[in-house]
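Undergrad: Enclosed is the structure file protein38.cif (mmCIF, C-alpha atoms and all ligand atoms).
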data_target
#
loop_
_atom_site.group_PDB
_atom_site.id
_atom_site.type_symbol
_atom_site.label_atom_id
_atom_site.label_comp_id
_atom_site.auth_asym_id
_atom_site.auth_seq_id
_atom_site.Cartn_x
_atom_site.Cartn_y
_atom_site.Cartn_z
ATOM 1 C CA MET A 193 4.400 -69.072 164.939
ATOM 2 C CA LEU A 194 3.465 -65.471 164.157
ATOM 3 C CA ARG A 195 -0.034 -64.423 165.172
ATOM 4 C CA VAL A 196 -1.350 -60.930 164.615
ATOM 5 C CA GLU A 197 -4.517 -60.546 166.672
ATOM 6 C CA GLY A 198 -6.922 -57.637 166.368
ATOM 7 C CA LEU A 199 -4.220 -55.100 165.595
ATOM 8 C CA SER A 200 -6.163 -51.818 165.401
ATOM 9 C CA PHE A 201 -5.114 -48.487 164.010
ATOM 10 C CA ALA A 202 -6.689 -45.334 162.560
ATOM 11 C CA TYR A 203 -4.996 -42.327 160.994
ATOM 12 C CA PRO A 204 -6.287 -38.988 162.366
ATOM 13 C CA GLY A 205 -9.820 -38.418 161.122
ATOM 14 C CA GLN A 206 -10.268 -41.997 159.914
ATOM 15 C CA ALA A 207 -13.779 -43.135 160.837
ATOM 16 C CA GLU A 208 -13.389 -46.916 160.637
ATOM 17 C CA PRO A 209 -10.070 -48.202 162.077
ATOM 18 C CA TYR A 210 -8.035 -50.895 160.416
ATOM 19 C CA GLN A 211 -8.215 -54.180 162.232
ATOM 20 C CA PHE A 212 -5.645 -56.761 161.190
ATOM 21 C CA SER A 213 -5.475 -60.445 162.128
ATOM 22 C CA LEU A 214 -3.284 -63.077 160.497
ATOM 23 C CA ALA A 215 -1.325 -66.211 161.312
ATOM 24 C CA ALA A 216 1.873 -67.587 159.750
ATOM 25 C CA ALA A 217 4.103 -70.557 160.522
ATOM 26 C CA PRO A 218 7.917 -70.494 160.244
ATOM 27 C CA GLY A 219 9.105 -71.169 156.703
ATOM 28 C CA GLU A 220 5.905 -69.736 155.255
ATOM 29 C CA ILE A 221 5.477 -66.845 152.860
ATOM 30 C CA THR A 222 2.289 -64.928 153.542
ATOM 31 C CA ALA A 223 1.199 -62.755 150.640
ATOM 32 C CA ILE A 224 -0.889 -59.653 151.242
ATOM 33 C CA SER A 225 -2.712 -58.253 148.253
ATOM 34 C CA GLY A 226 -5.156 -55.402 147.994
ATOM 35 C CA ALA A 227 -5.917 -52.282 146.010
ATOM 36 C CA SER A 228 -3.653 -49.254 146.168
ATOM 37 C CA GLY A 229 -4.531 -47.389 149.364
ATOM 38 C CA SER A 230 -6.105 -50.416 151.041
ATOM 39 C CA GLY A 231 -3.577 -50.301 153.918
ATOM 40 C CA LYS A 232 -0.847 -52.802 153.038
ATOM 41 C CA SER A 233 2.056 -50.510 153.900
ATOM 42 C CA THR A 234 0.175 -49.405 157.020
ATOM 43 C CA LEU A 235 0.086 -53.034 158.144
ATOM 44 C CA LEU A 236 3.857 -53.373 157.616
ATOM 45 C CA ASP A 237 4.458 -50.095 159.495
ATOM 46 C CA LEU A 238 2.468 -51.505 162.430
ATOM 47 C CA LEU A 239 4.369 -54.798 162.361
ATOM 48 C CA SER A 240 7.721 -53.038 162.214
ATOM 49 C CA GLY A 241 6.808 -50.535 164.945
ATOM 50 C CA PHE A 242 6.792 -47.264 163.015
ATOM 51 C CA LEU A 243 3.085 -46.928 163.817
ATOM 52 C CA ALA A 244 1.569 -47.780 167.215
ATOM 53 C CA PRO A 245 -1.711 -49.713 167.310
ATOM 54 C CA SER A 246 -4.574 -48.688 169.619
ATOM 55 C CA ALA A 247 -5.236 -52.353 170.456
ATOM 56 C CA GLY A 248 -4.147 -55.863 169.559
ATOM 57 C CA ARG A 249 -1.107 -58.114 169.670
ATOM 58 C CA ILE A 250 1.734 -59.214 167.418
ATOM 59 C CA ASP A 251 2.611 -62.537 168.975
ATOM 60 C CA LEU A 252 5.812 -64.304 167.930
ATOM 61 C CA ASP A 253 6.198 -67.656 169.690
ATOM 62 C CA GLY A 254 4.486 -66.341 172.813
ATOM 63 C CA THR A 255 6.083 -62.877 172.990
ATOM 64 C CA ASP A 256 4.089 -59.748 172.198
ATOM 65 C CA LEU A 257 6.150 -57.427 169.978
ATOM 66 C CA VAL A 258 3.843 -54.408 170.319
ATOM 67 C CA PRO A 259 5.657 -52.900 173.353
ATOM 68 C CA LEU A 260 9.040 -53.133 171.599
ATOM 69 C CA PRO A 261 10.532 -50.175 169.686
ATOM 70 C CA PRO A 262 11.318 -50.830 165.997
ATOM 71 C CA GLU A 263 15.027 -51.511 166.559
ATOM 72 C CA ALA A 264 14.279 -54.163 169.211
ATOM 73 C CA ARG A 265 11.840 -56.137 167.060
ATOM 74 C CA PRO A 266 13.104 -59.456 165.681
ATOM 75 C CA LEU A 267 12.494 -58.544 162.067
ATOM 76 C CA SER A 268 14.051 -57.208 158.937
ATOM 77 C CA LEU A 269 12.177 -55.237 156.379
ATOM 78 C CA LEU A 270 12.473 -53.871 152.907
ATOM 79 C CA LEU A 271 10.062 -51.006 152.448
ATOM 80 C CA GLN A 272 8.571 -49.656 149.270
ATOM 81 C CA GLY A 273 10.959 -47.245 147.572
ATOM 82 C CA GLN A 274 13.500 -47.572 150.364
ATOM 83 C CA SER A 275 16.936 -47.581 148.942
ATOM 84 C CA LEU A 276 20.616 -47.353 149.762
ATOM 85 C CA PHE A 277 22.958 -44.776 151.187
ATOM 86 C CA ASP A 278 23.888 -43.263 147.832
ATOM 87 C CA HIS A 279 27.349 -42.032 148.839
ATOM 88 C CA LEU A 280 28.452 -45.438 150.212
ATOM 89 C CA ARG A 281 29.861 -48.308 148.211
ATOM 90 C CA THR A 282 27.470 -51.140 147.406
ATOM 91 C CA ASP A 283 29.330 -53.612 149.658
ATOM 92 C CA SER A 284 29.285 -51.094 152.539
ATOM 93 C CA ASN A 285 25.534 -50.752 152.137
ATOM 94 C CA VAL A 286 25.087 -54.535 152.246
ATOM 95 C CA ARG A 287 27.455 -54.755 155.259
ATOM 96 C CA LEU A 288 24.898 -52.729 157.250
ATOM 97 C CA GLY A 289 22.725 -55.852 157.392
ATOM 98 C CA LEU A 290 25.338 -57.593 159.562
ATOM 99 C CA PRO A 291 26.091 -57.027 163.247
ATOM 100 C CA ALA A 292 28.867 -54.521 163.977
ATOM 101 C CA LYS A 293 30.792 -57.024 166.068
ATOM 102 C CA ILE A 294 31.935 -59.631 163.557
ATOM 103 C CA THR A 295 35.413 -59.782 162.105
ATOM 104 C CA ARG A 296 36.210 -57.833 158.986
ATOM 105 C CA ARG A 297 37.006 -61.033 157.162
ATOM 106 C CA ALA A 298 33.756 -62.805 158.117
ATOM 107 C CA ALA A 299 31.813 -59.708 157.129
ATOM 108 C CA ALA A 300 33.573 -59.489 153.769
ATOM 109 C CA GLU A 301 32.812 -63.141 153.054
ATOM 110 C CA GLN A 302 29.140 -62.824 153.932
ATOM 111 C CA VAL A 303 28.748 -59.606 151.961
ATOM 112 C CA ALA A 304 30.397 -61.202 148.913
ATOM 113 C CA ALA A 305 28.106 -64.238 149.178
ATOM 114 C CA ALA A 306 25.040 -61.997 149.533
ATOM 115 C CA LEU A 307 26.048 -59.913 146.514
ATOM 116 C CA GLU A 308 26.547 -63.087 144.522
ATOM 117 C CA SER A 309 23.153 -64.469 145.555
ATOM 118 C CA VAL A 310 21.397 -61.401 144.143
ATOM 119 C CA GLY A 311 23.501 -61.329 140.990
ATOM 120 C CA LEU A 312 25.710 -58.355 141.825
ATOM 121 C CA VAL A 313 29.146 -59.971 141.628
ATOM 122 C CA GLY A 314 31.784 -57.357 140.855
ATOM 123 C CA LEU A 315 29.629 -54.367 141.796
ATOM 124 C CA GLY A 316 30.575 -54.235 145.491
ATOM 125 C CA ALA A 317 33.135 -51.477 145.091
ATOM 126 C CA GLN A 318 30.821 -49.288 143.048
ATOM 127 C CA VAL A 319 29.248 -46.299 144.807
ATOM 128 C CA ALA A 320 25.532 -46.964 145.251
ATOM 129 C CA SER A 321 24.457 -43.833 143.361
ATOM 130 C CA THR A 322 25.951 -45.350 140.207
ATOM 131 C CA LEU A 323 23.787 -48.516 140.295
ATOM 132 C CA SER A 324 20.675 -48.966 138.162
ATOM 133 C CA GLY A 325 17.273 -49.028 139.859
ATOM 134 C CA GLY A 326 17.053 -52.816 139.754
ATOM 135 C CA GLN A 327 20.633 -53.192 140.997
ATOM 136 C CA LYS A 328 19.867 -50.886 143.937
ATOM 137 C CA GLN A 329 16.811 -52.929 144.755
ATOM 138 C CA ARG A 330 18.829 -56.141 144.710
ATOM 139 C CA ALA A 331 21.547 -54.639 146.940
ATOM 140 C CA ALA A 332 18.868 -53.449 149.401
ATOM 141 C CA LEU A 333 17.372 -56.940 149.390
ATOM 142 C CA ALA A 334 20.812 -58.500 150.000
ATOM 143 C CA ARG A 335 21.252 -56.225 153.039
ATOM 144 C CA THR A 336 17.794 -57.179 154.322
ATOM 145 C CA LEU A 337 18.354 -60.925 153.868
ATOM 146 C CA LEU A 338 21.727 -60.796 155.649
ATOM 147 C CA ARG A 339 20.000 -59.620 158.814
ATOM 148 C CA ASN A 340 18.527 -63.123 159.215
ATOM 149 C CA ARG A 341 15.735 -62.263 161.669
ATOM 150 C CA PRO A 342 12.681 -64.466 162.370
ATOM 151 C CA ILE A 343 10.276 -62.114 160.571
ATOM 152 C CA LEU A 344 10.930 -60.759 157.069
ATOM 153 C CA LEU A 345 8.677 -57.980 155.770
ATOM 154 C CA LEU A 346 8.807 -57.130 152.076
ATOM 155 C CA ASP A 347 6.841 -54.362 150.360
ATOM 156 C CA GLU A 348 6.929 -54.742 146.554
ATOM 157 C CA PRO A 349 10.541 -55.994 146.660
ATOM 158 C CA PHE A 350 10.715 -57.094 143.034
ATOM 159 C CA SER A 351 9.093 -54.125 141.298
ATOM 160 C CA ALA A 352 12.173 -52.825 139.448
ATOM 161 C CA LEU A 353 13.384 -56.235 138.223
ATOM 162 C CA ASP A 354 13.167 -57.827 134.790
ATOM 163 C CA ASP A 355 11.406 -61.199 134.541
ATOM 164 C CA ALA A 356 14.540 -63.376 134.613
ATOM 165 C CA THR A 357 16.102 -61.572 137.592
ATOM 166 C CA ARG A 358 12.736 -61.561 139.318
ATOM 167 C CA ALA A 359 12.437 -65.344 139.088
ATOM 168 C CA THR A 360 15.957 -65.824 140.489
ATOM 169 C CA ILE A 361 15.387 -63.451 143.394
ATOM 170 C CA ARG A 362 12.012 -65.024 144.171
ATOM 171 C CA ASP A 363 13.713 -68.432 144.432
ATOM 172 C CA LEU A 364 16.276 -66.911 146.772
ATOM 173 C CA VAL A 365 13.603 -65.474 149.073
ATOM 174 C CA ARG A 366 11.718 -68.772 149.087
ATOM 175 C CA ASP A 367 14.824 -70.871 149.803
ATOM 176 C CA LEU A 368 16.083 -68.584 152.585
ATOM 177 C CA THR A 369 12.632 -68.424 154.185
ATOM 178 C CA ARG A 370 12.429 -72.200 154.302
ATOM 179 C CA ALA A 371 16.038 -72.820 155.318
ATOM 180 C CA ASN A 372 15.976 -70.256 158.145
ATOM 181 C CA GLY A 373 12.363 -70.741 159.237
ATOM 182 C CA TRP A 374 11.530 -67.072 158.679
ATOM 183 C CA HIS A 375 7.961 -65.797 158.791
ATOM 184 C CA THR A 376 7.951 -63.849 155.550
ATOM 185 C CA VAL A 377 5.194 -61.356 154.796
ATOM 186 C CA LEU A 378 5.156 -60.193 151.191
ATOM 187 C CA VAL A 379 3.137 -57.269 149.887
ATOM 188 C CA SER A 380 2.834 -57.441 146.136
ATOM 189 C CA HIS A 381 0.509 -56.226 143.403
ATOM 190 C CA HIS A 382 1.913 -58.839 141.051
ATOM 191 C CA ALA A 383 -0.232 -61.931 140.779
ATOM 192 C CA ASP A 384 2.681 -63.990 139.451
ATOM 193 C CA ASP A 385 4.821 -63.172 142.528
ATOM 194 C CA VAL A 386 1.963 -64.276 144.749
ATOM 195 C CA VAL A 387 1.379 -67.488 142.796
ATOM 196 C CA ALA A 388 5.111 -68.282 142.752
ATOM 197 C CA LEU A 389 5.783 -67.609 146.426
ATOM 198 C CA ALA A 390 2.757 -67.586 148.686
ATOM 199 C CA THR A 391 1.989 -70.442 151.037
ATOM 200 C CA ARG A 392 -0.824 -68.333 152.523
ATOM 201 C CA ARG A 393 -2.728 -65.499 150.938
ATOM 202 C CA TYR A 394 -4.683 -62.653 152.434
ATOM 203 C CA ARG A 395 -6.671 -59.958 150.670
ATOM 204 C CA LEU A 396 -6.831 -56.586 152.392
ATOM 205 C CA GLN A 397 -10.228 -55.041 151.878
ATOM 206 C CA SER A 398 -12.310 -52.563 153.903
ATOM 207 C CA GLY A 399 -9.637 -52.455 156.603
ATOM 208 C CA ARG A 400 -9.625 -56.218 157.250
ATOM 209 C CA LEU A 401 -7.512 -59.161 156.069
ATOM 210 C CA HIS A 402 -9.447 -61.969 154.382
ATOM 211 C CA GLU A 403 -7.689 -65.313 153.963
ATOM 212 C CA ASP A 404 -8.023 -66.741 150.441
HETATM 213 N N1 LIG B 1 0.496 -40.683 157.433
HETATM 214 C C1 LIG B 1 -0.748 -40.810 156.961
HETATM 215 N N2 LIG B 1 -1.746 -40.005 157.389
HETATM 216 C C2 LIG B 1 -3.007 -40.135 156.941
HETATM 217 N N3 LIG B 1 -3.387 -41.066 156.038
HETATM 218 C C3 LIG B 1 -2.436 -41.896 155.572
HETATM 219 C C4 LIG B 1 -1.079 -41.816 156.014
HETATM 220 N N4 LIG B 1 -0.369 -42.782 155.379
HETATM 221 C C5 LIG B 1 -1.246 -43.426 154.594
HETATM 222 N N5 LIG B 1 -2.482 -42.899 154.703
HETATM 223 C C6 LIG B 1 -3.706 -43.344 154.010
HETATM 224 O O1 LIG B 1 -4.010 -44.655 154.465
HETATM 225 C C7 LIG B 1 -4.460 -45.446 153.387
HETATM 226 C C8 LIG B 1 -3.594 -46.692 153.271
HETATM 227 O O2 LIG B 1 -2.286 -46.325 152.860
HETATM 228 P P1 LIG B 1 -1.168 -47.426 152.587
HETATM 229 O O3 LIG B 1 0.072 -46.711 152.247
HETATM 230 O O4 LIG B 1 -1.135 -48.359 153.739
HETATM 231 O O5 LIG B 1 -1.786 -48.170 151.299
HETATM 232 P P2 LIG B 1 -1.174 -49.355 150.410
HETATM 233 O O6 LIG B 1 -2.174 -50.451 150.433
HETATM 234 O O7 LIG B 1 0.207 -49.648 150.854
HETATM 235 O O8 LIG B 1 -1.170 -48.703 148.960
HETATM 236 P P3 LIG B 1 -0.115 -48.902 147.723
HETATM 237 O O9 LIG B 1 -0.468 -50.217 147.110
HETATM 238 O O10 LIG B 1 -0.451 -47.759 146.820
HETATM 239 O O11 LIG B 1 1.267 -48.847 148.271
HETATM 240 C C9 LIG B 1 -4.435 -44.559 152.145
HETATM 241 O O12 LIG B 1 -5.730 -44.071 151.932
HETATM 242 C C10 LIG B 1 -3.476 -43.454 152.528
HETATM 243 O O13 LIG B 1 -3.821 -42.260 151.892
HETATM 244 MG MG MG B 2 2.084 -49.420 149.964
#
Take the structure I supplied and represent it as structure tokens, if you would.
TA:
Amino acid sequence: MLRVEGLSFAYPGQAEPYQFSLAAAPGEITAISGASGSGKSTLLDLLSGFLAPSAGRIDLDGTDLVPLPPEARPLSLLLQGQSLFDHLRTDSNVRLGLPAKITRRAAAEQVAAALESVGLVGLGAQVASTLSGGQKQRAALARTLLRNRPILLLDEPFSALDDATRATIRDLVRDLTRANGWHTVLVSHHADDVVALATRRYRLQSGRLHED
């Protein structure tokens, strides 16, 4: 169980701090909606450890994640606009989601399966800079999903995808979340993504999360 309790944060000069609380069970997809500038990415930055809260807890099955640096947190994340290492091949980019210490063969198999699951068969050898925007987004998602950590944070992960691809990738995120018991937190402006995926919904307004 993931429980965020009274996680407080203010940017310099901000009068009223954000205060975030939410709960999510394994296998659930928690959707966060809210106007542009309402603080959705700020929440994900706090969860992932790039921002430090002034108070509060991020409790995962009894362990508080707040004292942990980003790299030690049991999560994977796909941030808004975050992309690939442009000079690397697509498969090398996806490989970065796997631990360094597995065999070359096991890595190649998992990378190939991940590329297939996001519809990028045959593009592994292509340098990332030569992919389209939607292909880059899918490769970045494949890398994120391969990490297989208990918490998955996604910020507008489907924004560059056409409707058909979007539906396929949504199914993939849903199936992997259920199968692996991830706590997935999805930030999306798109009502149809939220309807298709969310098992819990929160609206971010006036610095607080409101469960719908
Ligand atoms: N580093 C920063 N310093 C000061 N203010 C910031 C900083 N980063 C974000 N903000 C402000 O905090 C507020 C929340 O920003 P945030 O990026 O979390 O919004 P968001 O809900 O993700 O918006 P969008 O939907 O447009 O991505 C905004 O008013 C933004 O200008
Ligand atoms: Mg944002």
Undergrad: Which residues match the PyMOL selection byres (((not hetatm)) within 8 of (chain B and resi 2)) in the file above, as a list in words?
TA: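 The output of the PyMOL selection byres (((not hetatm)) within 8 of (chain B and resi 2)) on this file is Ser228, Gly229, Gly231, Lys232, Ser233, Thr234, Gln272, Asp347, Glu348 and Val379 of chain A.
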Undergrad: Limited to C-alpha atoms, could you put the picked residues into a file as a PDB file, in the coordinates of the input?
TA:
ATOM      1  CA  SER A 228      -3.653 -49.254 146.168  1.00  0.00           C
ATOM      2  CA  GLY A 229      -4.531 -47.389 149.364  1.00  0.00           C
ATOM      3  CA  GLY A 231      -3.577 -50.301 153.918  1.00  0.00           C
ATOM      4  CA  LYS A 232      -0.847 -52.802 153.038  1.00  0.00           C
ATOM      5  CA  SER A 233       2.056 -50.510 153.900  1.00  0.00           C
ATOM      6  CA  THR A 234       0.175 -49.405 157.020  1.00  0.00           C
ATOM      7  CA  GLN A 272       8.571 -49.656 149.270  1.00  0.00           C
ATOM      8  CA  ASP A 347       6.841 -54.362 150.360  1.00  0.00           C
ATOM      9  CA  GLU A 348       6.929 -54.742 146.554  1.00  0.00           C
ATOM     10  CA  VAL A 379       3.137 -57.269 149.887  1.00  0.00           C
TER      11      VAL A 379
END
Undergrad: Pick the closest to ligand LIG 1 (chain B) from A:Gly311, A:Pro266, A:Pro291, A:Pro209: which is it, counting only C-alpha atoms and all ligand atoms?
TA: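 Of A:Gly311, A:Pro266, A:Pro291, A:Pro209, the one nearest ligand LIG 1 (chain B), counting only C-alpha atoms and all ligand atoms, is A:Pro209.
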Undergrad: Which value, in Å to one decimal, gives the distance between atom CA of A:Leu312 and atom CA of A:Leu378?
TA: 22.7 Å
Undergrad: Find the residues of stretch 257-345 of chain A that sit at most 9 Å from stretch 352-372 of chain A; for each, write down the nearest two atoms and how far apart they are in Å, to one decimal. Count only C-alpha atoms. Sort by chain, then by number going up, and give it as JSON lines.
TA:
{"residue": "A:Ser309", "atom": "CA", "partner": "A:Leu364", "partner_atom": "CA", "distance": 7.4}
{"residue": "A:Val310", "atom": "CA", "partner": "A:Ile361", "partner_atom": "CA", "distance": 6.4}
{"residue": "A:Gly311", "atom": "CA", "partner": "A:Thr357", "partner_atom": "CA", "distance": 8.1}
{"residue": "A:Gly325", "atom": "CA", "partner": "A:Ala352", "partner_atom": "CA", "distance": 6.4}
{"residue": "A:Gly326", "atom": "CA", "partner": "A:Ala352", "partner_atom": "CA", "distance": 4.9}
{"residue": "A:Gln327", "atom": "CA", "partner": "A:Leu353", "partner_atom": "CA", "distance": 8.3}
{"residue": "A:Gln329", "atom": "CA", "partner": "A:Ala352", "partner_atom": "CA", "distance": 7.0}
{"residue": "A:Arg330", "atom": "CA", "partner": "A:Ile361", "partner_atom": "CA", "distance": 8.2}
{"residue": "A:Leu337", "atom": "CA", "partner": "A:Leu368", "partner_atom": "CA", "distance": 8.1}
{"residue": "A:Asn340", "atom": "CA", "partner": "A:Asn372", "partner_atom": "CA", "distance": 7.7}
{"residue": "A:Arg341", "atom": "CA", "partner": "A:Asn372", "partner_atom": "CA", "distance": 8.7}
{"residue": "A:Pro342", "atom": "CA", "partner": "A:Asn372", "partner_atom": "CA", "distance": 7.9}
{"residue": "A:Leu344", "atom": "CA", "partner": "A:Thr369", "partner_atom": "CA", "distance": 8.4}
Undergrad: Please return as a ChimeraX atom specification the residues found within 12 Å of ligand LIG 1 (chain B), counting all atoms listed in the file.
TA: /A:201-210,224-238,242-243,271-273,346-349,351,378-382,395-401
Undergrad: With the file shown as input, list the residues that the PyMOL selection byres (((chain A and resi 306) around 12) and not hetatm) selects, as a ChimeraX atom specification.
TA: /A:282-283,285-287,289-290,299-305,307-316,330-340,361,364-365,368
Undergrad: List, as a list of chain:residue names, every residue that the PyMOL selection byres (((chain A and resi 375) around 10) and not hetatm) selects in the file provided.
TA: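 Applying the PyMOL selection byres (((chain A and resi 375) around 10) and not hetatm) to the structure shown produces A:Met193, A:Leu194, A:Ala215, A:Ala216, A:Ala217, A:Pro218, A:Gly219, A:Glu220, A:Ile221, A:Thr222, A:Leu252, A:Leu267, A:Arg341, A:Pro342, A:Ile343, A:Leu344, A:Leu345, A:Thr369, A:Arg370, A:Asn372, A:Gly373, A:Trp374, A:Thr376, A:Val377, A:Leu378.
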Undergrad: So which residues touch A:Ile250 within 8 Å, counting only C-alpha atoms, skipping near sequence neighbours fewer than 2 positions away, as number ranges by chain?
TA: A: 194-197, 199, 239, 248, 252, 255-258
Undergrad: Complete the atom set of stretch 268-280 of chain A to N, CA and C atoms and return it as a CSV table (one decimal), keeping the file's coordinate frame.
TA:
chain,number,residue,atom,x,y,z
A,268,SER,N,13.4,-58.1,159.9
A,268,SER,CA,14.1,-57.2,158.9
A,268,SER,C,13.0,-56.8,157.9
A,269,LEU,N,13.2,-55.7,157.3
A,269,LEU,CA,12.2,-55.2,156.4
A,269,LEU,C,12.8,-54.5,155.2
A,270,LEU,N,12.1,-54.6,154.1
A,270,LEU,CA,12.5,-53.9,152.9
A,270,LEU,C,11.2,-53.1,152.5
A,271,LEU,N,11.3,-51.8,152.7
A,271,LEU,CA,10.1,-51.0,152.4
A,271,LEU,C,10.0,-50.5,151.0
A,272,GLN,N,8.8,-50.2,150.6
A,272,GLN,CA,8.6,-49.7,149.3
A,272,GLN,C,9.5,-48.4,149.0
A,273,GLY,N,10.2,-48.4,147.9
A,273,GLY,CA,11.0,-47.2,147.6
A,273,GLY,C,12.2,-47.0,148.5
A,274,GLN,N,12.3,-47.8,149.5
A,274,GLN,CA,13.5,-47.6,150.4
A,274,GLN,C,14.7,-48.0,149.6
A,275,SER,N,15.8,-47.2,149.7
A,275,SER,CA,16.9,-47.6,148.9
A,275,SER,C,18.2,-47.6,149.8
A,276,LEU,N,19.3,-47.2,149.2
A,276,LEU,CA,20.6,-47.4,149.8
A,276,LEU,C,21.1,-46.0,150.2
A,277,PHE,N,22.2,-46.0,151.0
A,277,PHE,CA,23.0,-44.8,151.2
A,277,PHE,C,23.8,-44.5,149.9
A,278,ASP,N,23.4,-43.5,149.2
A,278,ASP,CA,23.9,-43.3,147.8
A,278,ASP,C,25.4,-43.0,147.8
A,279,HIS,N,25.9,-42.4,148.9
A,279,HIS,CA,27.3,-42.0,148.8
A,279,HIS,C,28.3,-43.2,149.3
A,280,LEU,N,27.7,-44.3,149.8
A,280,LEU,CA,28.5,-45.4,150.2
A,280,LEU,C,28.6,-46.4,149.1
